[in-house]
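One structure is given below, encoded as structure tokens.
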Amino acid sequence: MSTESAKEKGDRLEAAVIRIESAIFEYNPSLKHATITIEPKKIMIVNGVKHEIDLYVVIDPGRGYKSVFIFECKNWKDTVGKPQIIDFSDKINAMQAQRGFFIANRFG
């Protein structure tokens with residue numbers, strides 16, 4: 001029986017995603033000169049609404065355009081359902097992210 005808390009499981013999944021994304025960025029030749037920022041557990045307030053972002057990634061290739069990607073990590077025992085995906089879609093729009101990635105153990 002695991003004594004690991006839900007927070008610890010979530011933190012572990014987020015750390016794994018950071019390592020994977022960092023490796024992808026490092027070996028992508030088109031990003032060689034880009035500035036890449038990965039911010040875990042970012043809190044943003046948009047139009048008075050607080051949003052918690054598990055991973056907030058900004059890629060700045062230095063040509064006057066930045067790309068924003070957000071990640072939601074759910075290391076839950078139960079399945080992730082439609083309500084969580086709809087909430088995440090709202091976060092993508094609020095953050096004006098180009099893409100959002102939802103990582104979970106189980107989808108319903």
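Residue names in the structure tokens use chain letters A, B, ... in the order shown, residue numbers from 1 in each chain, and ligand numbers from 1 in the order shown.
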Under the rule of at most 10 Å, produce a per-residue listing of range 59-99 of chain A near range 2-6 of chain A: chain, number, name, the closest pair of atoms, and the distance in Å, as a tab-separated table, using only C-alpha atoms.
residue	atom	partner	partner_atom	distance
A:Lys74	CA	A:Ala6	CA	9.5
A:Asn75	CA	A:Ala6	CA	7.6
A:Trp76	CA	A:Ala6	CA	7.4
A:Lys77	CA	A:Ala6	CA	9.1
Exercise for the section: List every residue of chain A that DSSP, applied to the backbone, labels as alpha helix (DSSP H), and write the result as a VMD selection string. Expected result: chain A and resid 6 to 26 82 to 95
For range 65-73 of chain A, work out the shell of residues within 6 Å, counting only C-alpha atoms and skipping chain neighbours fewer than 4 positions away, then give it as a CSV table (one decimal) with C-alpha atoms, in the first residue's frame.
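The result, stored in part01.csv:
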chain,number,residue,atom,x,y,z
A,54,ASP,CA,0.3,22.9,-13.6
A,55,LEU,CA,2.9,23.8,-16.3
A,56,TYR,CA,3.1,27.0,-18.2
A,57,VAL,CA,5.5,27.0,-21.1
A,58,VAL,CA,6.6,30.0,-23.2
A,59,ILE,CA,8.7,29.6,-26.3
A,60,ASP,CA,10.3,32.8,-27.6
A,97,ALA,CA,-2.4,29.5,-25.2
A,98,GLN,CA,-1.7,28.1,-28.6
A,99,ARG,CA,-2.2,24.6,-27.3
A,100,GLY,CA,-3.1,22.8,-24.1
A,101,PHE,CA,-2.0,19.3,-23.1
A,102,PHE,CA,-4.0,17.2,-20.6
A,103,ILE,CA,-2.0,14.4,-19.1
A,104,ALA,CA,-3.9,11.8,-17.0
Fill in the blank from the handout: Of A:Lys50, A:Lys82, A:Arg19, A:Arg63, the one sitting nearest Thr35 in chain A when using only C-alpha atoms is A:Arg63
Exercise for the section: Measure the distance from CA of Ile18 in chain A to CA of Ile53 in chain A in Å and round it to one decimal. Expected result: 13.2 Å
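We find CA of Ile38 in chain A and CA of Ser22 in chain A to be spaced 8.5 Å apart.
Nearest residue to Pro40 in chain A, choosing from A:Ile20, A:Asp11, A:Asn28, A:Gly64 and counting only C-alpha atoms: A:Asp11.
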Handout entry: Separation of CA of Ile45 in chain A from CA of Ala15 in chain A, in Å and rounded to one decimal
Key =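 Interatomic distance, CA of Ile45 in chain A to CA of Ala15 in chain A: 23.8 Å.
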Fill in the blank from the handout: Residue with the minimum atom-to-atom distance to Ala23 in chain A, picked from A:Val80, A:Ile36, A:Val49, A:Ile43 with only C-alpha atoms counted, is A:Ile36
Practice task
Within chain A, find each residue whose DSSP state, derived from the backbone, is strand (DSSP E or B), and express the selection as a PyMOL selection string.
Solution key: chain A and resi 35-46+49-60+67-74+80+99-104+107
Handout entry: Using only C-alpha atoms: which of A:Lys42, A:His51, A:Leu31, A:Asn105 has the shortest distance to Gly81 in chain A
Key =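 Once distances to Gly81 in chain A are computed over only C-alpha atoms, the minimum belongs to A:Asn105.
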Fill in the blank from the handout: Of A:Lys41, A:Ile85, A:Ala34, A:Phe25, the one nearest to Lys7 in chain A when counting only C-alpha atoms is A:Lys41
